[in-house]
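File shown: input26.cif (mmCIF, C-alpha atoms and all ligand atoms).
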```
data_model
#
loop_
_atom_site.label_atom_id
_atom_site.label_comp_id
_atom_site.auth_asym_id
_atom_site.auth_seq_id
_atom_site.Cartn_x
_atom_site.Cartn_y
_atom_site.Cartn_z
CA MET A 1 19.81 -17.11 167.29
CA LYS A 2 20.01 -20.88 167.05
CA HIS A 3 17.43 -23.57 167.70
CA GLU A 4 18.71 -26.57 169.66
CA THR A 5 16.96 -29.63 168.18
CA VAL A 6 15.16 -31.73 170.79
CA LEU A 7 15.28 -35.54 170.86
CA LEU A 8 17.22 -35.55 167.61
CA GLU A 9 18.68 -39.06 167.53
CA GLU A 10 15.61 -40.61 169.16
CA ALA A 11 13.13 -39.08 166.70
CA ILE A 12 15.14 -40.13 163.65
CA GLN A 13 15.75 -43.63 165.00
CA TYR A 14 11.98 -44.07 165.47
CA LEU A 15 11.27 -42.82 161.95
CA ASN A 16 13.03 -46.03 160.84
CA ILE A 17 14.20 -44.41 157.62
CA LYS A 18 14.20 -46.41 154.41
CA PRO A 19 16.91 -44.91 152.16
CA ASN A 20 14.51 -44.79 149.20
CA GLY A 21 11.42 -43.71 151.09
CA ILE A 22 9.35 -40.54 151.08
CA TYR A 23 9.39 -38.58 154.33
CA VAL A 24 7.80 -35.44 155.70
CA ASP A 25 9.12 -33.08 158.34
CA GLY A 26 5.93 -31.24 159.31
CA THR A 27 7.80 -28.68 161.42
CA LEU A 28 11.05 -27.72 159.69
CA GLY A 29 12.14 -24.96 162.15
CA GLY A 30 15.93 -24.84 162.38
CA ALA A 31 16.13 -28.01 160.20
CA GLY A 32 18.01 -30.10 162.77
CA HIS A 33 15.75 -33.11 162.26
CA SER A 34 15.51 -32.58 158.50
CA LYS A 35 19.27 -32.53 158.14
CA LEU A 36 19.65 -35.88 159.89
CA ILE A 37 16.79 -37.40 157.87
CA LEU A 38 18.55 -36.30 154.68
CA LYS A 39 21.79 -37.96 155.82
CA TYR A 40 19.94 -41.29 155.91
CA LEU A 41 18.11 -40.82 152.61
CA LYS A 42 19.70 -41.98 149.35
CA GLU A 43 17.21 -41.98 146.48
CA GLY A 44 14.42 -40.98 148.84
CA GLN A 45 12.75 -37.58 149.16
CA LEU A 46 11.98 -35.27 152.04
CA PHE A 47 9.18 -32.68 152.10
CA CYS A 48 9.55 -30.02 154.79
CA PHE A 49 6.70 -27.81 156.01
CA ASP A 50 6.87 -24.58 157.98
CA GLN A 51 4.61 -21.56 158.03
CA ASP A 52 7.28 -19.18 159.30
CA GLU A 53 9.24 -17.29 156.66
CA TYR A 54 12.23 -16.77 158.97
CA ALA A 55 12.47 -20.51 159.72
CA ILE A 56 12.40 -21.29 156.01
CA GLN A 57 15.21 -18.86 155.17
CA TYR A 58 17.27 -20.19 158.08
CA ALA A 59 16.64 -23.83 157.14
CA LYS A 60 17.57 -23.28 153.48
CA ASP A 61 21.03 -22.36 154.63
CA VAL A 62 21.31 -25.36 156.98
CA LEU A 63 20.26 -27.76 154.19
CA LYS A 64 22.26 -26.24 151.37
CA GLY A 65 24.51 -29.29 150.90
CA PHE A 66 21.51 -31.54 150.09
CA SER A 67 19.31 -31.79 147.01
CA ASN A 68 16.57 -34.38 147.57
CA PHE A 69 14.25 -32.18 149.61
CA LYS A 70 11.57 -29.59 149.02
CA ILE A 71 10.52 -26.87 151.43
CA ILE A 72 6.81 -26.05 151.40
CA LYS A 73 5.81 -22.79 153.07
CA SER A 74 2.46 -23.73 154.49
CA ASN A 75 0.59 -24.61 157.62
CA PHE A 76 0.79 -28.37 157.98
CA LYS A 77 -3.01 -28.44 158.05
CA TYR A 78 -2.76 -28.40 154.23
CA LEU A 79 -0.46 -31.46 154.26
CA LYS A 80 -2.62 -33.60 151.95
CA GLU A 81 -3.32 -30.87 149.40
CA LYS A 82 0.27 -29.65 149.29
CA LEU A 83 1.68 -33.16 148.86
CA ALA A 84 -0.91 -33.93 146.16
CA GLU A 85 0.41 -30.88 144.25
CA GLU A 86 3.78 -32.70 144.33
CA ASN A 87 2.11 -35.94 143.14
CA VAL A 88 2.75 -37.53 146.52
CA PHE A 89 -0.09 -39.70 147.80
CA GLY A 90 1.82 -42.07 150.10
CA ILE A 91 4.65 -41.48 152.58
CA ASP A 92 6.92 -43.70 154.68
CA GLY A 93 7.23 -41.50 157.71
CA ILE A 94 6.28 -38.14 159.15
CA LEU A 95 7.63 -36.13 162.06
CA PHE A 96 6.00 -33.32 164.02
CA ASP A 97 8.19 -31.44 166.50
CA LEU A 98 5.44 -29.16 167.74
CA GLY A 99 5.43 -25.61 168.98
CA LEU A 100 7.97 -22.88 168.46
CA SER A 101 11.64 -22.67 167.58
CA SER A 102 13.93 -20.89 170.02
CA PHE A 103 14.50 -18.18 167.44
CA GLN A 104 10.78 -17.42 167.36
CA ILE A 105 10.59 -17.26 171.16
CA ASP A 106 13.73 -15.14 171.44
CA ASP A 107 12.84 -12.72 168.65
CA GLU A 108 11.72 -9.57 170.47
CA THR A 109 9.50 -8.49 167.60
CA ARG A 110 7.30 -11.62 167.63
CA GLY A 111 5.61 -11.21 171.01
CA PHE A 112 5.95 -14.83 172.19
CA THR A 113 7.90 -14.03 175.33
CA TYR A 114 6.66 -12.45 178.56
CA LEU A 115 10.24 -11.58 179.46
CA LYS A 116 10.50 -8.68 177.01
CA ASP A 117 8.31 -5.68 176.27
CA THR A 118 7.16 -6.07 172.69
CA THR A 119 4.08 -6.04 170.47
CA LEU A 120 1.36 -8.56 171.24
CA ASP A 121 1.73 -10.51 168.00
CA MET A 122 2.34 -14.28 168.46
CA ARG A 123 1.70 -15.26 164.83
CA MET A 124 3.79 -18.15 163.51
CA ASN A 125 2.69 -17.24 160.02
CA GLN A 126 3.49 -13.58 159.47
CA ASP A 127 0.88 -13.34 156.67
CA GLN A 128 -1.97 -14.29 158.98
CA GLU A 129 -4.36 -11.53 160.06
CA LEU A 130 -5.27 -12.58 163.58
CA THR A 131 -2.81 -11.45 166.27
CA ALA A 132 -2.78 -11.71 170.06
CA GLN A 133 -3.51 -7.98 170.22
CA MET A 134 -6.71 -8.44 168.19
CA ILE A 135 -7.87 -11.23 170.47
CA LEU A 136 -7.15 -9.25 173.64
CA ASN A 137 -8.81 -6.07 172.42
CA THR A 138 -11.87 -7.44 170.64
CA TYR A 139 -12.97 -10.80 172.13
CA SER A 140 -15.75 -10.92 174.73
CA LEU A 141 -15.17 -11.58 178.42
CA GLU A 142 -16.43 -15.16 178.06
CA GLU A 143 -14.30 -15.85 174.97
CA LEU A 144 -11.15 -14.57 176.67
CA ALA A 145 -11.81 -16.50 179.85
CA ARG A 146 -12.48 -19.66 177.84
CA ILE A 147 -9.19 -19.30 175.95
CA PHE A 148 -7.19 -18.83 179.17
CA PHE A 149 -8.94 -21.69 180.90
CA VAL A 150 -9.00 -24.26 178.11
CA TYR A 151 -5.66 -23.52 176.42
CA GLY A 152 -3.73 -22.38 179.48
CA GLU A 153 -5.45 -24.22 182.33
CA GLU A 154 -5.43 -20.80 184.03
CA LYS A 155 -7.46 -20.93 187.24
CA ASN A 156 -7.92 -17.14 187.36
CA SER A 157 -9.14 -16.93 183.78
CA PHE A 158 -12.25 -14.80 184.54
CA LYS A 159 -10.39 -12.37 186.80
CA ILE A 160 -7.73 -11.83 184.17
CA ALA A 161 -10.30 -11.45 181.38
CA HIS A 162 -12.19 -8.83 183.45
CA LYS A 163 -9.06 -6.77 184.00
CA ILE A 164 -8.14 -6.98 180.32
CA ILE A 165 -11.51 -5.57 179.34
CA ASP A 166 -11.17 -2.76 181.92
CA ARG A 167 -7.69 -1.82 180.69
CA ARG A 168 -8.28 -1.92 176.92
CA PRO A 169 -6.53 -1.21 174.63
CA LEU A 170 -3.58 -3.46 175.49
CA LEU A 171 -0.66 -2.68 173.23
CA THR A 172 2.42 -4.49 174.49
CA THR A 173 3.34 -7.70 176.27
CA MET A 174 4.02 -5.74 179.45
CA ASP A 175 0.45 -4.36 179.43
CA LEU A 176 -0.66 -7.96 179.77
CA VAL A 177 2.07 -8.97 182.24
CA LYS A 178 1.06 -6.12 184.57
CA ILE A 179 -2.42 -7.68 184.76
CA THR A 180 -1.21 -11.26 185.34
CA ASP A 181 1.27 -9.97 187.96
CA GLN A 182 -1.63 -8.43 189.87
CA VAL A 183 -3.85 -11.50 189.66
CA ASN A 184 -1.29 -14.31 189.91
CA TYR A 185 0.98 -12.60 192.44
CA LYS A 186 1.22 -15.81 194.49
CA ASP A 187 2.59 -17.88 191.58
CA LYS A 188 6.02 -19.40 192.03
CA GLY A 189 6.71 -19.38 188.27
CA HIS A 190 6.05 -16.42 185.98
CA SER A 191 2.54 -14.99 186.41
CA ALA A 192 1.93 -14.80 182.65
CA LYS A 193 3.12 -18.25 181.64
CA ARG A 194 -0.29 -19.90 181.25
CA VAL A 195 -1.96 -16.88 179.64
CA PHE A 196 0.83 -16.56 177.07
CA GLN A 197 0.60 -20.27 176.23
CA ALA A 198 -3.17 -19.93 175.85
CA LEU A 199 -2.98 -16.89 173.59
CA ARG A 200 -0.34 -18.46 171.39
CA ILE A 201 -2.47 -21.58 170.95
CA ALA A 202 -5.52 -19.44 170.12
CA VAL A 203 -3.69 -17.16 167.66
CA ASN A 204 -2.29 -20.13 165.75
CA ASP A 205 -5.24 -22.48 166.30
CA GLU A 206 -2.64 -25.02 167.32
CA LEU A 207 -4.79 -27.76 168.83
CA THR A 208 -7.35 -27.93 166.02
CA VAL A 209 -4.68 -28.16 163.34
CA LEU A 210 -2.90 -30.88 165.31
CA GLU A 211 -6.07 -32.98 165.58
CA ASP A 212 -6.74 -32.59 161.87
CA VAL A 213 -3.22 -33.29 160.66
CA LEU A 214 -2.86 -36.51 162.65
CA LYS A 215 -5.82 -37.97 160.73
CA ASP A 216 -4.35 -36.87 157.40
CA ALA A 217 -0.95 -38.28 158.34
CA VAL A 218 -2.46 -41.72 159.01
CA ASP A 219 -4.27 -41.64 155.66
CA LEU A 220 -1.05 -40.75 153.86
CA LEU A 221 1.22 -43.29 155.55
CA ASN A 222 2.14 -46.41 153.60
CA SER A 223 2.05 -49.74 155.40
CA ASP A 224 4.89 -49.87 157.97
CA GLY A 225 5.20 -46.05 157.82
CA ARG A 226 5.94 -44.19 161.05
CA LEU A 227 4.21 -41.26 162.72
CA VAL A 228 6.55 -39.54 165.20
CA VAL A 229 5.31 -36.65 167.37
CA ILE A 230 7.22 -34.53 169.88
CA SER A 231 4.92 -32.44 172.09
CA PHE A 232 5.77 -29.81 174.70
CA HIS A 233 2.73 -29.45 176.92
CA SER A 234 -0.02 -31.63 178.31
CA LEU A 235 -2.74 -30.37 175.94
CA GLU A 236 -0.76 -31.40 172.87
CA ASP A 237 0.35 -34.67 174.40
CA ARG A 238 -3.22 -35.57 175.40
CA ILE A 239 -4.37 -35.15 171.80
CA VAL A 240 -1.55 -37.35 170.48
CA LYS A 241 -2.03 -40.00 173.14
CA HIS A 242 -5.80 -40.28 172.61
CA PHE A 243 -5.43 -40.27 168.86
CA PHE A 244 -2.88 -43.11 168.95
CA LYS A 245 -5.14 -45.07 171.29
CA GLU A 246 -8.20 -44.66 169.06
CA GLU A 247 -6.32 -45.56 165.90
CA SER A 248 -4.82 -48.66 167.45
CA GLU A 249 -8.06 -50.08 168.83
CA THR A 250 -10.36 -52.48 167.03
CA PHE A 251 -13.92 -51.19 166.71
CA THR A 252 -16.56 -53.70 167.79
CA PRO A 253 -20.17 -52.62 167.06
CA LYS A 254 -22.47 -52.85 170.10
CA ASN A 255 -24.85 -55.85 170.28
CA MET A 256 -22.95 -57.65 167.55
CA PRO A 257 -21.35 -61.05 167.96
CA ILE A 258 -17.72 -60.26 168.63
CA LEU A 259 -15.70 -60.44 165.46
CA ARG A 260 -12.03 -60.70 166.19
CA GLU A 261 -10.98 -59.13 162.92
CA ASP A 262 -8.38 -56.41 163.55
CA THR A 263 -9.71 -53.18 162.05
CA SER A 264 -7.20 -50.84 163.69
CA LYS A 265 -4.94 -48.77 161.45
CA MET A 266 -1.97 -48.12 163.72
CA GLU A 267 0.25 -49.95 166.17
CA ILE A 268 1.63 -47.94 169.08
CA ILE A 269 5.42 -48.32 169.24
CA THR A 270 6.00 -46.27 172.41
CA ARG A 271 3.60 -47.46 175.14
CA LYS A 272 5.12 -44.78 177.39
CA PRO A 273 6.44 -41.50 175.98
CA ILE A 274 10.18 -41.08 175.41
CA TYR A 275 11.72 -38.17 177.37
CA PRO A 276 14.97 -36.31 176.76
CA SER A 277 17.91 -37.75 178.65
CA GLU A 278 19.20 -35.93 181.70
CA ASP A 279 22.23 -35.00 179.66
CA GLU A 280 19.99 -33.38 177.03
CA TYR A 281 17.86 -31.32 179.37
CA LEU A 282 20.88 -30.12 181.32
CA ARG A 283 22.38 -28.96 178.02
CA ASN A 284 19.07 -27.58 176.71
CA PRO A 285 16.56 -26.72 179.47
CA ARG A 286 13.84 -26.04 176.86
CA SER A 287 13.77 -29.76 176.08
CA LYS A 288 12.63 -30.63 179.60
CA SER A 289 8.90 -30.79 178.86
CA ALA A 290 9.31 -32.73 175.59
CA LYS A 291 7.55 -36.06 175.06
CA LEU A 292 7.99 -38.24 172.02
CA ARG A 293 5.34 -40.71 170.89
CA VAL A 294 5.52 -43.06 167.92
CA ALA A 295 3.00 -45.17 166.04
CA ARG A 296 3.35 -47.42 163.00
CA LYS A 297 0.83 -47.85 160.19
CA LYS A 298 -0.29 -51.48 159.86
C1 LIG B 1 10.00 -26.83 167.53
S1 LIG B 1 10.21 -26.10 165.98
C2 LIG B 1 10.89 -27.38 165.00
C3 LIG B 1 12.37 -27.51 165.14
C4 LIG B 1 13.02 -28.50 164.19
N1 LIG B 1 12.53 -29.84 164.38
C5 LIG B 1 14.53 -28.45 164.31
O1 LIG B 1 15.14 -29.52 164.42
O2 LIG B 1 15.10 -27.38 164.25
C6 LIG B 1 8.60 -26.00 165.34
C7 LIG B 1 8.48 -25.33 163.98
O3 LIG B 1 7.25 -25.72 163.43
C8 LIG B 1 6.59 -24.62 162.88
N2 LIG B 1 5.17 -24.89 163.01
C9 LIG B 1 4.46 -25.04 164.15
N3 LIG B 1 3.17 -25.30 163.87
C10 LIG B 1 3.07 -25.33 162.51
C11 LIG B 1 1.99 -25.54 161.61
N4 LIG B 1 0.74 -25.76 162.04
N5 LIG B 1 2.25 -25.52 160.29
C12 LIG B 1 3.51 -25.29 159.84
N6 LIG B 1 4.57 -25.05 160.64
C13 LIG B 1 4.35 -25.07 161.97
C14 LIG B 1 7.07 -23.42 163.66
O4 LIG B 1 6.99 -22.26 162.87
C15 LIG B 1 8.50 -23.81 164.03
O5 LIG B 1 9.42 -23.30 163.11
#
```

Target encoding structure tokens, full file:
Amino acid sequence: MKHETVLLEEAIQYLNIKPNGIYVDGTLGGAGHSKLILKYLKEGQLFCFDQDEYAIQYAKDVLKGFSNFKIIKSNFKYLKEKLAEENVFGIDGILFDLGLSSFQIDDETRGFTYLKDTTLDMRMNQDQELTAQMILNTYSLEELARIFFVYGEEKNSFKIAHKIIDRRPLLTTMDLVKITDQVNYKDKGHSAKRVFQALRIAVNDELTVLEDVLKDAVDLLNSDGRLVVISFHSLEDRIVKHFFKEESETFTPKNMPILREDTSKMEIITRKPIYPSEDEYLRNPRSKSAKLRVARKK
């Protein structure tokens, strides 16, 4: 199982790599981006984060010809602490290529896909306790409906949550798909798409950790350092877009004479997101929803 790196050249170009700089790949995955970063680095150093043991083992093999990198098995929400342990308090660029690797999606044992009958797991970090099965079998009607609505924009969230509670215990992905098939029978796409996205986000707390890590990344960046983010759905992209906007605006206190001093921390480099080329998404259909946004620390 191989992961096809998305927006490879574009992401690395926007990182604007200084050969002696310190860089972070927040989402190592199949190491496609890391490998290209390392090709540009001379004396510099790369720190790679992933919380998935399989990704780390895979990436070690991909990066075996290089020496100036360190893989840190951790959720990127601990970015600051983990880098401090390495005596790193300033970085020149950081990349987040969010979501899952193809090998996680395709692995039948991980429960990320609605196309195969497998356990309802969905953990990126295999040491974590909370699984999709625990959420489905223990959360209240309101909690389930909220997850489906907020993280999946699922219009039938209450109906689906009701049926889940009636049918408990749900054990496999197909137990859940049977329910979404009944409720979303009019859907043109797969009936479970939004519910699976929502569960995955809830299991891995993906949106909260993204919001938190963006703040830490800005604190860590040296002047002229780059923050590069590739997102795959509108909820992620909205967070990145709003964050960039906030960090690039000057705060003017109400009822104060307007001071024109620029207090913003970041400059947005990509006013509009960068999309994969037609050539790329024809080659790799999974890249189709990708959006790349870049900001620079002032
Ligand atoms: C889309 S893949 C990255 C692919 C990589 N850029 C490449 O070129 O192969 C995302 C990776 O980030 C990891 N990941 C996602 N969220 C994470 C988080 N909060 N902390 C650490 N790793 C995370 C996933 O386990 C997955 O391996």

Given 7 Å and all atoms listed in the file, residues near ligand LIG 1 (chain B) as a PyMOL selection string:
chain A and resi 3-6+26-34+49-52+55+74-77+97-101+124+206+209

What gap, in Å, lies between atom CA of Thr109 of chain A and atom CA of Tyr185 of chain A?
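These two atoms are separated by 26.6 Å.
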
For each of A:Ile37, A:Ile22, A:Leu220, A:Ala198, take the minimum atom-to-atom distance to Leu8 of chain A, counting all atoms listed in the file, then give the residue where this is smallest.
A:Ile37

Near Asp219 of chain A, within 12 Å and counting only C-alpha atoms, which residues show up once chain neighbours fewer than 2 positions away are dropped, as a list in words?
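In the requested form, the answer reads Leu79, Lys80, Phe89, Gly90, Ile91, Asp92, Gly93, Ile94, Asp212, Val213, Leu214, Lys215, Asp216, Ala217, Leu221, Asn222, Ser223, Gly225, Arg226, Leu227, Glu247, Lys265, Met266, Lys297 and Lys298 of chain A.
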
Which protein, DNA or RNA residues have an atom at most 10 Å from (-8.2, -10.0, 182.3), counting all atoms listed in the file? List them as an mmCIF file with C-alpha atoms, in the coordinates of the input.
```cif
data_model
loop_
_atom_site.group_PDB
_atom_site.id
_atom_site.type_symbol
_atom_site.label_atom_id
_atom_site.label_comp_id
_atom_site.auth_asym_id
_atom_site.auth_seq_id
_atom_site.Cartn_x
_atom_site.Cartn_y
_atom_site.Cartn_z
ATOM 1 C CA LEU A 136 -7.150 -9.250 173.640
ATOM 2 C CA LEU A 141 -15.170 -11.580 178.420
ATOM 3 C CA LEU A 144 -11.150 -14.570 176.670
ATOM 4 C CA ALA A 145 -11.810 -16.500 179.850
ATOM 5 C CA PHE A 148 -7.190 -18.830 179.170
ATOM 6 C CA ASN A 156 -7.920 -17.140 187.360
ATOM 7 C CA SER A 157 -9.140 -16.930 183.780
ATOM 8 C CA PHE A 158 -12.250 -14.800 184.540
ATOM 9 C CA LYS A 159 -10.390 -12.370 186.800
ATOM 10 C CA ILE A 160 -7.730 -11.830 184.170
ATOM 11 C CA ALA A 161 -10.300 -11.450 181.380
ATOM 12 C CA HIS A 162 -12.190 -8.830 183.450
ATOM 13 C CA LYS A 163 -9.060 -6.770 184.000
ATOM 14 C CA ILE A 164 -8.140 -6.980 180.320
ATOM 15 C CA ILE A 165 -11.510 -5.570 179.340
ATOM 16 C CA ASP A 166 -11.170 -2.760 181.920
ATOM 17 C CA ARG A 167 -7.690 -1.820 180.690
ATOM 18 C CA ARG A 168 -8.280 -1.920 176.920
ATOM 19 C CA LEU A 176 -0.660 -7.960 179.770
ATOM 20 C CA ILE A 179 -2.420 -7.680 184.760
ATOM 21 C CA THR A 180 -1.210 -11.260 185.340
ATOM 22 C CA VAL A 183 -3.850 -11.500 189.660
ATOM 23 C CA VAL A 195 -1.960 -16.880 179.640
#
```

So which one's closest to Leu120 of chain A, A:Gln182, A:Asn87, A:Ser140, A:Thr172? Using all atoms listed in the file, please.
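Of all the options, A:Thr172 lies closest to Leu120 of chain A.
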
Given all atoms listed in the file as the basis, pick out the residue of A:Val228, A:Ile268, A:Met122, A:Val218 nearest to Ala202 of chain A.
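Among the listed residues, A:Met122 lies closest to Ala202 of chain A.
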